[in-house]
Amino acid sequence: MTTATTERDQDAGATSTRYHYTRVVEIVGRTVRARLERGVYLNDDECYFDLPSRV
């Protein structure tokens, strides 16, 4: 069984103290958004996963 993944969007950015990366893909008809943020200080990291609802 092969699962099709379609790239929808991605974004990356940085400042002097943080960077972020966001990727949106479609997996088996469902949209998944992942966002990673990382800072220069200890425990200054965040990661989010979303399954936006269908309208």
# chains A, B, ... in the order shown; residues from 1 in each chain; ligands from 1

$ select_by_dssp --residues "segment 8-45 of chain A" --states "strand (DSSP E)" --output "VMD selection string"
chain A and resid 8 to 14 18 to 27 30 to 39 45

$ residues_around --residues "His20 of chain A" --least-positions-apart "5" --cutoff "10 Å" --atoms "only C-alpha atoms" --output "mmCIF file with C-alpha atoms, in the first residue's frame"
data_model
loop_
_atom_site.group_PDB
_atom_site.id
_atom_site.type_symbol
_atom_site.label_atom_id
_atom_site.label_comp_id
_atom_site.auth_asym_id
_atom_site.auth_seq_id
_atom_site.Cartn_x
_atom_site.Cartn_y
_atom_site.Cartn_z
ATOM 1 C CA ASP A 11 7.535 28.731 4.319
ATOM 2 C CA ALA A 12 10.710 29.495 6.233
ATOM 3 C CA GLY A 13 11.970 32.601 7.956
ATOM 4 C CA ALA A 14 14.498 33.809 10.473
ATOM 5 C CA THR A 15 15.315 36.687 12.776
ATOM 6 C CA ARG A 35 5.173 24.362 12.088
ATOM 7 C CA LEU A 36 8.511 24.299 13.855
ATOM 8 C CA GLU A 37 9.889 27.325 15.710
ATOM 9 C CA ARG A 38 13.263 27.426 17.348
ATOM 10 C CA GLY A 39 14.946 30.119 19.393
ATOM 11 C CA ASP A 45 11.339 25.633 20.904
ATOM 12 C CA GLU A 46 7.802 24.951 19.708
ATOM 13 C CA CYS A 47 6.222 22.492 17.307
#

$ closest_residue --among "A:Pro52, A:Asp9, A:Ala4, A:Tyr41" --to "Ile27 of chain A" --atoms "only C-alpha atoms"
A:Ala4

$ closest_residue --among "A:Thr2, A:Thr31, A:Gln10, A:Thr22" --to "Tyr48 of chain A" --atoms "only C-alpha atoms"
A:Thr22
